[in-house]
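J.: Data: model-v5.cif, mmCIF, C-alpha atoms.
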data_final
loop_
_atom_site.group_PDB
_atom_site.id
_atom_site.type_symbol
_atom_site.label_atom_id
_atom_site.label_comp_id
_atom_site.auth_asym_id
_atom_site.auth_seq_id
_atom_site.Cartn_x
_atom_site.Cartn_y
_atom_site.Cartn_z
ATOM 1 C CA MET A 5 52.839 200.890 198.328
ATOM 2 C CA LEU A 6 51.218 198.450 195.895
ATOM 3 C CA LYS A 7 51.141 194.735 196.704
ATOM 4 C CA ALA A 8 50.002 191.485 195.104
ATOM 5 C CA SER A 9 50.614 187.774 195.587
ATOM 6 C CA ALA A 10 50.457 184.810 193.242
ATOM 7 C CA PHE A 11 50.979 181.059 193.260
ATOM 8 C CA ALA A 12 52.394 178.906 190.462
ATOM 9 C CA PRO A 13 52.487 175.114 190.706
ATOM 10 C CA ALA A 14 55.610 173.026 190.333
ATOM 11 C CA HIS A 15 55.689 170.931 187.161
ATOM 12 C CA VAL A 16 57.324 167.572 186.536
ATOM 13 C CA THR A 17 58.225 166.766 182.929
ATOM 14 C CA GLY A 18 58.414 163.068 182.122
ATOM 15 C CA PHE A 19 59.898 163.301 178.627
ATOM 16 C CA PHE A 20 60.481 166.044 176.094
ATOM 17 C CA GLU A 21 61.924 167.211 172.785
ATOM 18 C CA ILE A 22 64.036 170.349 172.396
ATOM 19 C CA HIS A 23 62.844 172.921 169.839
ATOM 20 C CA ASP A 24 64.766 176.128 170.470
ATOM 21 C CA GLU A 25 65.914 177.128 166.994
ATOM 22 C CA ALA A 26 63.424 179.946 166.320
ATOM 23 C CA GLU A 27 64.684 183.519 166.562
ATOM 24 C CA ASP A 28 61.523 184.597 168.394
ATOM 25 C CA LEU A 29 61.722 183.484 172.046
ATOM 26 C CA ARG A 30 57.952 183.029 172.094
ATOM 27 C CA LYS A 31 58.246 180.278 169.458
ATOM 28 C CA ARG A 32 60.998 178.339 171.221
ATOM 29 C CA GLY A 33 60.428 175.627 173.782
ATOM 30 C CA SER A 34 59.819 171.898 174.019
ATOM 31 C CA ARG A 35 57.278 169.220 173.282
ATOM 32 C CA GLY A 36 56.474 166.511 175.776
ATOM 33 C CA VAL A 37 54.343 165.715 178.804
ATOM 34 C CA GLY A 38 54.193 166.815 182.405
ATOM 35 C CA ILE A 39 52.018 167.139 185.483
ATOM 36 C CA CYS A 40 51.459 170.168 187.714
ATOM 37 C CA LEU A 41 51.791 169.761 191.463
ATOM 38 C CA THR A 42 50.077 171.279 194.484
ATOM 39 C CA ARG A 43 53.512 172.245 195.761
ATOM 40 C CA GLY A 44 55.054 175.214 193.991
ATOM 41 C CA ILE A 45 56.010 178.851 194.586
ATOM 42 C CA HIS A 46 54.167 181.613 196.423
ATOM 43 C CA THR A 47 55.407 185.051 195.372
ATOM 44 C CA ASN A 48 54.653 188.387 196.988
ATOM 45 C CA VAL A 49 55.484 191.599 195.119
ATOM 46 C CA GLU A 50 55.769 195.062 196.695
ATOM 47 C CA VAL A 51 55.954 198.136 194.471
ATOM 48 C CA SER A 52 56.845 201.636 195.654
ATOM 49 C CA GLU A 53 57.782 204.890 193.947
ATOM 50 C CA SER A 54 61.444 205.500 193.207
ATOM 51 C CA GLU A 55 63.670 207.859 191.245
ATOM 52 C CA LYS A 56 65.311 204.877 189.550
ATOM 53 C CA GLN A 57 64.635 201.241 188.838
ATOM 54 C CA ASP A 58 65.492 199.145 191.868
ATOM 55 C CA ILE A 59 64.851 195.382 192.005
ATOM 56 C CA GLU A 60 65.353 193.228 195.092
ATOM 57 C CA VAL A 61 64.754 189.483 194.989
ATOM 58 C CA PHE A 62 64.357 187.267 198.041
ATOM 59 C CA ILE A 63 64.043 183.495 197.771
ATOM 60 C CA ASN A 64 63.089 181.718 200.973
ATOM 61 C CA ASN A 65 63.909 184.945 202.849
ATOM 62 C CA LYS A 66 67.441 185.164 201.408
ATOM 63 C CA LYS A 67 68.388 188.062 199.162
ATOM 64 C CA MET A 68 69.955 186.780 195.958
ATOM 65 C CA MET A 69 70.375 187.232 192.237
ATOM 66 C CA SER A 70 67.671 185.643 190.088
ATOM 67 C CA PRO A 71 68.067 186.304 186.349
ATOM 68 C CA VAL A 72 64.646 184.812 185.587
ATOM 69 C CA THR A 73 62.877 187.021 188.117
ATOM 70 C CA GLU A 74 64.787 190.107 187.015
ATOM 71 C CA PHE A 75 63.967 189.434 183.349
ATOM 72 C CA VAL A 76 60.254 189.332 184.174
ATOM 73 C CA VAL A 77 60.364 192.481 186.295
ATOM 74 C CA GLN A 78 62.329 194.482 183.739
ATOM 75 C CA ARG A 79 60.094 193.364 180.880
ATOM 76 C CA LEU A 80 56.913 194.344 182.747
ATOM 77 C CA MET A 81 58.296 197.599 184.175
ATOM 78 C CA SER A 82 59.688 198.733 180.826
ATOM 79 C CA ASP A 83 61.324 202.132 181.447
ATOM 80 C CA ASP A 84 59.163 203.023 184.452
ATOM 81 C CA CYS A 85 60.963 203.767 187.704
ATOM 82 C CA TYR A 86 59.837 201.769 190.718
ATOM 83 C CA LYS A 87 61.369 200.000 193.631
ATOM 84 C CA ILE A 88 60.284 196.379 193.271
ATOM 85 C CA LYS A 89 60.672 193.832 196.039
ATOM 86 C CA VAL A 90 59.966 190.218 195.027
ATOM 87 C CA LYS A 91 59.678 187.627 197.797
ATOM 88 C CA SER A 92 59.285 183.985 196.760
ATOM 89 C CA GLU A 93 58.733 180.982 199.009
ATOM 90 C CA LEU A 94 59.613 177.641 197.407
ATOM 91 C CA ASP A 95 57.955 174.369 198.408
ATOM 92 C CA LEU A 96 60.536 172.318 196.470
ATOM 93 C CA PRO A 97 64.240 172.729 195.605
ATOM 94 C CA LEU A 98 65.560 174.390 192.460
ATOM 95 C CA GLY A 99 67.428 172.432 189.786
ATOM 96 C CA GLN A 100 65.706 169.116 190.468
ATOM 97 C CA GLY A 101 63.252 168.824 187.592
ATOM 98 C CA PHE A 102 60.312 170.388 189.415
ATOM 99 C CA GLY A 103 59.953 173.398 187.106
ATOM 100 C CA MET A 104 60.694 175.815 189.934
ATOM 101 C CA SER A 105 62.386 178.397 187.707
ATOM 102 C CA GLY A 106 59.288 178.457 185.533
ATOM 103 C CA ALA A 107 57.041 178.707 188.586
ATOM 104 C CA ASN A 108 59.171 181.559 189.884
ATOM 105 C CA ALA A 109 58.928 183.463 186.600
ATOM 106 C CA LEU A 110 55.204 182.809 186.299
ATOM 107 C CA SER A 111 54.226 183.712 189.864
ATOM 108 C CA THR A 112 56.314 186.887 189.608
ATOM 109 C CA SER A 113 54.708 187.792 186.293
ATOM 110 C CA PHE A 114 51.182 187.309 187.657
ATOM 111 C CA ALA A 115 51.841 189.173 190.912
ATOM 112 C CA LEU A 116 53.640 192.140 189.354
ATOM 113 C CA ALA A 117 51.065 192.575 186.577
ATOM 114 C CA LYS A 118 48.377 192.649 189.269
ATOM 115 C CA ALA A 119 50.279 195.055 191.529
ATOM 116 C CA LEU A 120 50.947 197.483 188.672
ATOM 117 C CA ASN A 121 47.401 197.051 187.364
ATOM 118 C CA LEU A 122 48.747 196.338 183.893
ATOM 119 C CA GLU A 123 46.190 195.792 181.152
ATOM 120 C CA LEU A 124 47.575 192.437 180.063
ATOM 121 C CA SER A 125 45.783 189.246 179.120
ATOM 122 C CA LYS A 126 46.653 185.965 180.792
ATOM 123 C CA ASP A 127 48.448 184.917 177.598
ATOM 124 C CA ASP A 128 50.551 188.094 177.723
ATOM 125 C CA ILE A 129 51.565 187.375 181.316
ATOM 126 C CA VAL A 130 52.421 183.756 180.496
ATOM 127 C CA CYS A 131 54.490 184.816 177.476
ATOM 128 C CA VAL A 132 56.665 187.119 179.569
ATOM 129 C CA ALA A 133 57.452 184.264 181.974
ATOM 130 C CA HIS A 134 58.085 181.836 179.099
ATOM 131 C CA GLN A 135 60.529 184.219 177.452
ATOM 132 C CA ALA A 136 62.374 184.638 180.760
ATOM 133 C CA GLU A 137 62.901 180.877 181.003
ATOM 134 C CA ILE A 138 64.089 180.591 177.417
ATOM 135 C CA ALA A 139 66.394 183.617 177.579
ATOM 136 C CA CYS A 140 68.004 182.434 180.831
ATOM 137 C CA ARG A 141 68.144 178.785 179.675
ATOM 138 C CA THR A 142 66.615 177.548 182.911
ATOM 139 C CA GLY A 143 63.844 175.601 181.191
ATOM 140 C CA LEU A 144 61.965 175.067 177.950
ATOM 141 C CA GLY A 145 58.386 174.030 178.489
ATOM 142 C CA ASP A 146 57.197 174.375 182.088
ATOM 143 C CA VAL A 147 55.531 177.782 182.017
ATOM 144 C CA THR A 148 52.559 177.167 179.725
ATOM 145 C CA PRO A 149 51.477 173.941 181.502
ATOM 146 C CA GLN A 150 51.953 175.684 184.851
ATOM 147 C CA SER A 151 49.533 178.378 183.723
ATOM 148 C CA ILE A 152 46.904 175.700 183.000
ATOM 149 C CA GLY A 153 47.337 173.011 185.649
ATOM 150 C CA GLY A 154 46.727 169.258 185.520
ATOM 151 C CA MET A 155 48.408 166.809 183.167
ATOM 152 C CA VAL A 156 49.417 168.583 179.969
ATOM 153 C CA ILE A 157 50.765 167.330 176.653
ATOM 154 C CA ARG A 158 52.850 169.930 174.831
ATOM 155 C CA LYS A 159 52.182 169.179 171.168
ATOM 156 C CA LYS A 160 53.932 172.237 169.748
ATOM 157 C CA GLU A 161 56.643 174.329 171.362
ATOM 158 C CA GLY A 162 56.222 177.936 172.433
ATOM 159 C CA CYS A 163 53.911 180.085 174.528
ATOM 160 C CA PRO A 164 50.431 181.319 173.541
ATOM 161 C CA PRO A 165 49.411 181.838 170.804
ATOM 162 C CA PHE A 166 52.228 179.836 169.165
ATOM 163 C CA GLY A 167 52.424 176.735 171.327
ATOM 164 C CA VAL A 168 49.818 173.983 171.241
ATOM 165 C CA VAL A 169 48.978 172.126 174.458
ATOM 166 C CA GLU A 170 46.298 169.647 175.468
ATOM 167 C CA LYS A 171 45.090 169.203 179.026
ATOM 168 C CA ILE A 172 44.423 165.526 179.715
ATOM 169 C CA GLU A 173 41.869 164.278 182.211
ATOM 170 C CA CYS A 174 43.563 162.073 184.781
ATOM 171 C CA GLU A 175 42.792 160.506 188.120
ATOM 172 C CA ASP A 176 43.310 162.392 191.381
ATOM 173 C CA VAL A 177 46.371 160.651 192.758
ATOM 174 C CA GLU A 178 49.012 161.425 195.329
ATOM 175 C CA ILE A 179 52.477 162.107 193.915
ATOM 176 C CA VAL A 180 55.641 161.060 195.750
ATOM 177 C CA LEU A 181 58.860 162.949 194.958
ATOM 178 C CA CYS A 182 62.400 162.128 196.038
ATOM 179 C CA VAL A 183 65.573 164.173 195.515
ATOM 180 C CA VAL A 184 68.306 161.596 194.962
ATOM 181 C CA GLY A 185 71.385 163.672 194.161
ATOM 182 C CA LYS A 186 72.858 167.067 193.374
ATOM 183 C CA GLU A 187 70.959 169.431 191.103
ATOM 184 C CA LEU A 188 71.424 169.192 187.338
ATOM 185 C CA SER A 189 72.149 172.144 185.058
ATOM 186 C CA THR A 190 69.376 172.423 182.470
ATOM 187 C CA ARG A 191 71.592 174.783 180.463
ATOM 188 C CA ASP A 192 74.452 172.247 180.264
ATOM 189 C CA ILE A 193 72.209 169.406 179.136
ATOM 190 C CA ILE A 194 70.097 171.214 176.544
ATOM 191 C CA THR A 195 73.176 172.769 174.912
ATOM 192 C CA ASP A 196 75.155 169.507 174.707
ATOM 193 C CA PRO A 197 74.942 168.099 171.129
ATOM 194 C CA GLU A 198 74.867 164.417 172.134
ATOM 195 C CA HIS A 199 72.247 164.951 174.831
ATOM 196 C CA ARG A 200 70.133 166.948 172.375
ATOM 197 C CA ARG A 201 70.225 164.163 169.760
ATOM 198 C CA ASN A 202 69.237 161.485 172.267
ATOM 199 C CA ILE A 203 66.558 163.625 173.892
ATOM 200 C CA ASN A 204 64.935 164.490 170.575
ATOM 201 C CA LYS A 205 65.124 160.919 169.282
ATOM 202 C CA TYR A 206 63.481 159.302 172.307
ATOM 203 C CA GLY A 207 61.234 162.297 172.994
ATOM 204 C CA GLU A 208 59.684 162.173 169.538
ATOM 205 C CA GLU A 209 59.029 158.437 169.807
ATOM 206 C CA SER A 210 57.517 158.808 173.288
ATOM 207 C CA LEU A 211 55.212 161.644 172.242
ATOM 208 C CA LYS A 212 53.867 159.639 169.298
ATOM 209 C CA GLN A 213 53.027 156.766 171.639
ATOM 210 C CA LEU A 214 51.418 158.959 174.292
ATOM 211 C CA VAL A 215 49.124 160.705 171.821
ATOM 212 C CA LYS A 216 47.720 157.263 170.982
ATOM 213 C CA MET A 217 47.112 156.465 174.669
ATOM 214 C CA PRO A 218 46.957 159.754 176.648
ATOM 215 C CA LYS A 219 46.862 158.318 180.153
ATOM 216 C CA LEU A 220 48.870 159.170 183.279
ATOM 217 C CA TRP A 221 50.148 155.634 183.733
ATOM 218 C CA GLU A 222 51.242 155.475 180.074
ATOM 219 C CA ALA A 223 53.044 158.795 180.452
ATOM 220 C CA ILE A 224 55.054 157.467 183.407
ATOM 221 C CA TRP A 225 55.933 154.219 181.614
ATOM 222 C CA LEU A 226 57.124 156.167 178.578
ATOM 223 C CA SER A 227 59.032 158.575 180.818
ATOM 224 C CA LEU A 228 60.948 155.714 182.400
ATOM 225 C CA ALA A 229 61.922 154.349 178.978
ATOM 226 C CA PHE A 230 62.943 157.867 177.920
ATOM 227 C CA SER A 231 65.161 158.436 180.960
ATOM 228 C CA LYS A 232 66.968 155.140 180.353
ATOM 229 C CA GLY A 233 67.210 155.487 176.582
ATOM 230 C CA THR A 234 68.688 158.976 176.741
ATOM 231 C CA GLY A 235 71.302 157.954 179.298
ATOM 232 C CA LEU A 236 70.176 160.716 181.670
ATOM 233 C CA MET A 237 69.467 158.323 184.530
ATOM 234 C CA SER A 238 72.390 157.897 186.943
ATOM 235 C CA GLN A 239 73.179 154.661 188.795
ATOM 236 C CA ASP A 240 71.871 156.116 192.066
ATOM 237 C CA MET A 241 68.702 157.194 190.305
ATOM 238 C CA GLU A 242 68.244 153.724 188.849
ATOM 239 C CA LYS A 243 68.605 152.171 192.313
ATOM 240 C CA ALA A 244 65.923 154.489 193.674
ATOM 241 C CA VAL A 245 63.627 153.690 190.758
ATOM 242 C CA MET A 246 64.092 149.953 191.219
ATOM 243 C CA ALA A 247 63.303 150.203 194.937
ATOM 244 C CA ALA A 248 60.145 152.201 194.284
ATOM 245 C CA ARG A 249 58.851 150.073 191.375
ATOM 246 C CA ASN A 250 57.670 147.428 193.840
ATOM 247 C CA PHE A 251 54.987 149.855 195.037
ATOM 248 C CA GLY A 252 53.892 151.812 191.978
ATOM 249 C CA LEU A 253 54.868 153.591 188.779
ATOM 250 C CA VAL A 254 58.028 155.680 188.963
ATOM 251 C CA SER A 255 60.328 157.652 186.693
ATOM 252 C CA MET A 256 62.932 160.416 186.625
ATOM 253 C CA ALA A 257 61.889 164.075 186.721
ATOM 254 C CA MET A 258 63.313 166.097 183.819
ATOM 255 C CA LEU A 259 65.772 167.628 184.295
ATOM 256 C CA GLY A 260 66.786 166.751 187.850
ATOM 257 C CA ASN A 261 68.364 164.143 190.071
ATOM 258 C CA SER A 262 64.926 163.264 191.382
ATOM 259 C CA VAL A 263 62.133 160.780 190.883
ATOM 260 C CA PHE A 264 58.348 161.014 190.876
ATOM 261 C CA ALA A 265 55.986 158.150 191.554
ATOM 262 C CA ILE A 266 52.358 157.168 192.037
ATOM 263 C CA GLY A 267 50.942 154.097 193.751
ATOM 264 C CA ASP A 268 51.091 152.950 197.371
ATOM 265 C CA THR A 269 52.129 156.271 198.898
ATOM 266 C CA LYS A 270 53.129 154.959 202.332
ATOM 267 C CA ASN A 271 55.372 152.232 200.928
ATOM 268 C CA LEU A 272 56.762 154.517 198.225
ATOM 269 C CA VAL A 273 57.815 157.006 200.899
ATOM 270 C CA ASN A 274 59.410 154.239 202.958
ATOM 271 C CA ALA A 275 61.231 152.846 199.916
ATOM 272 C CA LEU A 276 62.571 156.213 198.757
ATOM 273 C CA GLN A 277 63.518 157.887 202.035
ATOM 274 C CA ASP A 278 66.863 156.027 202.090
ATOM 275 C CA PHE A 279 67.823 157.746 198.821
ATOM 276 C CA GLY A 280 67.088 161.372 199.685
ATOM 277 C CA GLU A 281 64.516 163.883 200.856
ATOM 278 C CA VAL A 282 60.943 162.838 200.096
ATOM 279 C CA TYR A 283 57.936 165.073 199.438
ATOM 280 C CA THR A 284 54.280 164.261 198.828
ATOM 281 C CA CYS A 285 51.685 166.310 196.968
ATOM 282 C CA ARG A 286 48.778 165.949 194.553
ATOM 283 C CA ILE A 287 48.020 167.145 191.046
ATOM 284 C CA ASP A 288 47.256 170.866 190.845
ATOM 285 C CA ARG A 289 44.381 171.323 188.416
ATOM 286 C CA ASN A 290 44.007 175.111 188.492
ATOM 287 C CA GLY A 291 47.346 176.467 187.342
ATOM 288 C CA ALA A 292 48.981 179.789 188.252
ATOM 289 C CA ARG A 293 46.742 182.301 189.947
ATOM 290 C CA ILE A 294 46.486 185.437 192.048
ATOM 291 C CA VAL A 295 46.019 184.685 195.736
ATOM 292 C CA ALA A 296 45.162 186.705 198.839
ATOM 293 C CA ASP A 297 48.129 188.267 200.643
#
For this file, produce the structure as structure tokens.

T.:
Amino acid sequence: MLKASAFAPAHVTGFFEIHDEAEDLRKRGSRGVGICLTRGIHTNVEVSESEKQDIEVFINNKKMMSPVTEFVVQRLMSDDCYKIKVKSELDLPLGQGFGMSGANALSTSFALAKALNLELSKDDIVCVAHQAEIACRTGLGDVTPQSIGGMVIRKKEGCPPFGVVEKIECEDVEIVLCVVGKELSTRDIITDPEHRRNINKYGEESLKQLVKMPKLWEAIWLSLAFSKGTGLMSQDMEKAVMAARNFGLVSMAMLGNSVFAIGDTKNLVNALQDFGEVYTCRIDRNGARIVAD
């Protein structure tokens, strides 16, 4: 039996633009800004011989369907026959703007490529995960930043070598996250015509401003304006944001019913815990990587 393990960081997008018109999945995606987190997904892959293709996916020890994971496995296996068991442990919930689908695709892609000893470059591995996200409509722009780590501005949509990203130096701060409500459907939002118009209008304006002042604090300020301008922020989310603003900079995580904040960590946690489950982490600066079993 062949085994390998990988980690991919969670990723919080502050604001974005949708650019998914290209026929080639590798050229679709989003522009915007986000930060990678020390929380994320650890994935272990086990590969054994089989007379037919057999894929089993476990998320937090529960067997389930995962179109993103299965896309990655099938793309990397091609027509080869193996029994593949993918076990992923999530540090944060799905559907809350933490880029967990992208982290799942990316950690699976890294681990399986290692286990099968595939002669693929890092860009090749990242592109498989990116295409999985786009094809399944679970995200648009998390994968490439997650492969890099840190604070990343996505200046052109797509995965390598088509996308253009810039890693921005930023201070080492603690990040406070809070899940305020039920998960949001990325698919529903990015396919809705009115949401798309508002997102692209405010996303383009925000990106122009951030490029002039590429700082973490500026990114969060612009993200807050974006979340309000697009109408994506619910009343409960706004209440949570207002409570947390007394102790730092805070905005909505795209696309989720959750907030992210920096500042006085202790008081931010105290202010947000009445609104939902709270997590703390830091900025992951290394990106997705193979790890010891």

J.: Apply the PyMOL selection byres ((chain A and resi 151) around 12) to the file shown and report the selected residues as JSON, numbers by chain.

T.: {"A": [10, 11, 12, 13, 14, 15, 39, 40, 41, 106, 107, 108, 109, 110, 111, 113, 114, 126, 127, 128, 129, 130, 131, 133, 134, 145, 146, 147, 148, 149, 150, 152, 153, 154, 155, 156, 163, 164, 169, 171, 288, 289, 290, 291, 292, 293, 294]}

J.: Spell out the residues picked by the PyMOL selection byres ((chain A and resi 220-234) around 7) here, as a list in words.

T.: Gly18, Phe19, Cys174, Asn202, Ile203, Tyr206, Gly207, Ser210, Leu214, Met217, Pro218, Lys219, Gly235, Leu236, Met237, Leu253, Val254, Ser255 and Met256 of chain A

J.: Store the residues of this selection in a file with C-alpha atoms, as a PDB file, in the frame of the given file.

T.:
ATOM      1  CA  GLY A  18      58.414 163.068 182.122  1.00  0.00           C
ATOM      2  CA  PHE A  19      59.898 163.301 178.627  1.00  0.00           C
ATOM      3  CA  CYS A 174      43.563 162.073 184.781  1.00  0.00           C
ATOM      4  CA  ASN A 202      69.237 161.485 172.267  1.00  0.00           C
ATOM      5  CA  ILE A 203      66.558 163.625 173.892  1.00  0.00           C
ATOM      6  CA  TYR A 206      63.481 159.302 172.307  1.00  0.00           C
ATOM      7  CA  GLY A 207      61.234 162.297 172.994  1.00  0.00           C
ATOM      8  CA  SER A 210      57.517 158.808 173.288  1.00  0.00           C
ATOM      9  CA  LEU A 214      51.418 158.959 174.292  1.00  0.00           C
ATOM     10  CA  MET A 217      47.112 156.465 174.669  1.00  0.00           C
ATOM     11  CA  PRO A 218      46.957 159.754 176.648  1.00  0.00           C
ATOM     12  CA  LYS A 219      46.862 158.318 180.153  1.00  0.00           C
ATOM     13  CA  GLY A 235      71.302 157.954 179.298  1.00  0.00           C
ATOM     14  CA  LEU A 236      70.176 160.716 181.670  1.00  0.00           C
ATOM     15  CA  MET A 237      69.467 158.323 184.530  1.00  0.00           C
ATOM     16  CA  LEU A 253      54.868 153.591 188.779  1.00  0.00           C
ATOM     17  CA  VAL A 254      58.028 155.680 188.963  1.00  0.00           C
ATOM     18  CA  SER A 255      60.328 157.652 186.693  1.00  0.00           C
ATOM     19  CA  MET A 256      62.932 160.416 186.625  1.00  0.00           C
TER      20      MET A 256
END

J.: Find the spatial neighbours of A:Ile157, counting only C-alpha atoms, within a cut-off of 6 Å - ignore same-chain residues fewer than 3 positions away - and output them as a list of chain:residue names.

T.: A:Gly36, A:Val37, A:Val169, A:Glu170

J.: What does the distance from atom CA of A:Lys87 to atom CA of A:Leu124 come to in Å, to one decimal?

T.: 20.8 Å

J.: Please compute the atom CA of A:Ala139-atom CA of A:Arg79 distance, one decimal, in Å.

T.: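 So the answer is 12.1 Å.
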
J.: In Å, with one decimal, what is the gap from atom CA of A:Val168 to atom CA of A:Glu25?

T.: 16.9 Å

J.: Give the answer as one residue: which of A:Phe75, A:Phe20, A:Phe102, A:Phe62 has the shortest atom-to-atom distance to A:Leu188, using only C-alpha atoms?

T.: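 Counting only C-alpha atoms, the residue closest to A:Leu188 is A:Phe102.
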
J.: Give as a list in words the residues that the PyMOL selection byres ((chain A and resi 285) around 9) matches when applied to the coordinates above.

T.: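 Here the PyMOL selection byres ((chain A and resi 285) around 9) matches Leu41, Thr42, Arg43, Val177, Glu178, Ile179, Val180, Leu181, Tyr283, Thr284, Arg286, Ile287 and Asp288 of chain A.
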
J.: In the coordinates of the file, take the point (62.0, 188.2, 203.4) and a cut-off of 10 Å; then, counting all atoms listed in the file, name each qualifying protein, DNA or RNA residue as a PyMOL selection string.

T.: chain A and resi 48+61-67+89-93

J.: Keeping only C-alpha atoms, take the residues you just selected and write them out as an mmCIF file, in the frame of the given file.

T.:
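Once everything was written out, this is part21.cif:
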data_model
loop_
_atom_site.group_PDB
_atom_site.id
_atom_site.type_symbol
_atom_site.label_atom_id
_atom_site.label_comp_id
_atom_site.auth_asym_id
_atom_site.auth_seq_id
_atom_site.Cartn_x
_atom_site.Cartn_y
_atom_site.Cartn_z
ATOM 1 C CA ASN A 48 54.653 188.387 196.988
ATOM 2 C CA VAL A 61 64.754 189.483 194.989
ATOM 3 C CA PHE A 62 64.357 187.267 198.041
ATOM 4 C CA ILE A 63 64.043 183.495 197.771
ATOM 5 C CA ASN A 64 63.089 181.718 200.973
ATOM 6 C CA ASN A 65 63.909 184.945 202.849
ATOM 7 C CA LYS A 66 67.441 185.164 201.408
ATOM 8 C CA LYS A 67 68.388 188.062 199.162
ATOM 9 C CA LYS A 89 60.672 193.832 196.039
ATOM 10 C CA VAL A 90 59.966 190.218 195.027
ATOM 11 C CA LYS A 91 59.678 187.627 197.797
ATOM 12 C CA SER A 92 59.285 183.985 196.760
ATOM 13 C CA GLU A 93 58.733 180.982 199.009
#

J.: I need the residue nearest A:Phe279 from this list: A:Ala265, A:Gln100, A:Thr73, A:Lys243. Use all atoms listed in the file for the distance.

T.: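 Between A:Ala265, A:Gln100, A:Thr73, A:Lys243, the residue approaching A:Phe279 most closely is A:Lys243.
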
J.: Which neighbours of A:Ala26 fall inside 12 Å, counting only C-alpha atoms, when residues of the same chain fewer than 3 positions from it are skipped, and could you give them as JSON, numbers by chain?

T.: {"A": [22, 23, 29, 30, 31, 32, 33, 34, 138, 161, 162, 166]}

J.: Between A:Cys182, A:Val49, A:Ile193, A:Val245, which one has atoms that come closest to A:Gly143, using only C-alpha atoms?

T.: A:Ile193

J.: Would you pick out the contacts of A:Arg141 at 9 Å or less, using only C-alpha atoms, so that residues sharing its chain but fewer than 5 positions from it are not included, and give the list as an MDAnalysis selection string?

T.: chainID A and resid 136 190:191 194

J.: Give me the box for stretch 61-72 of chain A as AutoDock Vina command-line options, namely the centre and edge lengths in Å to one decimal of a box along x, y and z that holds every listed atom plus 3 Å on each side.

T.:
--center_x 66.7 --center_y 185.6 --center_z 194.2 --size_x 13.3 --size_y 13.8 --size_z 23.3

J.: Pick out the residues sitting within 10 Å of A:Asn271, and hand them over as a list in words; count only C-alpha atoms, and ignore anything fewer than 6 positions along from it in its own chain.

T.: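 With the cut-off at 10 Å, the set is Ala248, Asn250, Phe251, Gly252 and Gln277 of chain A.
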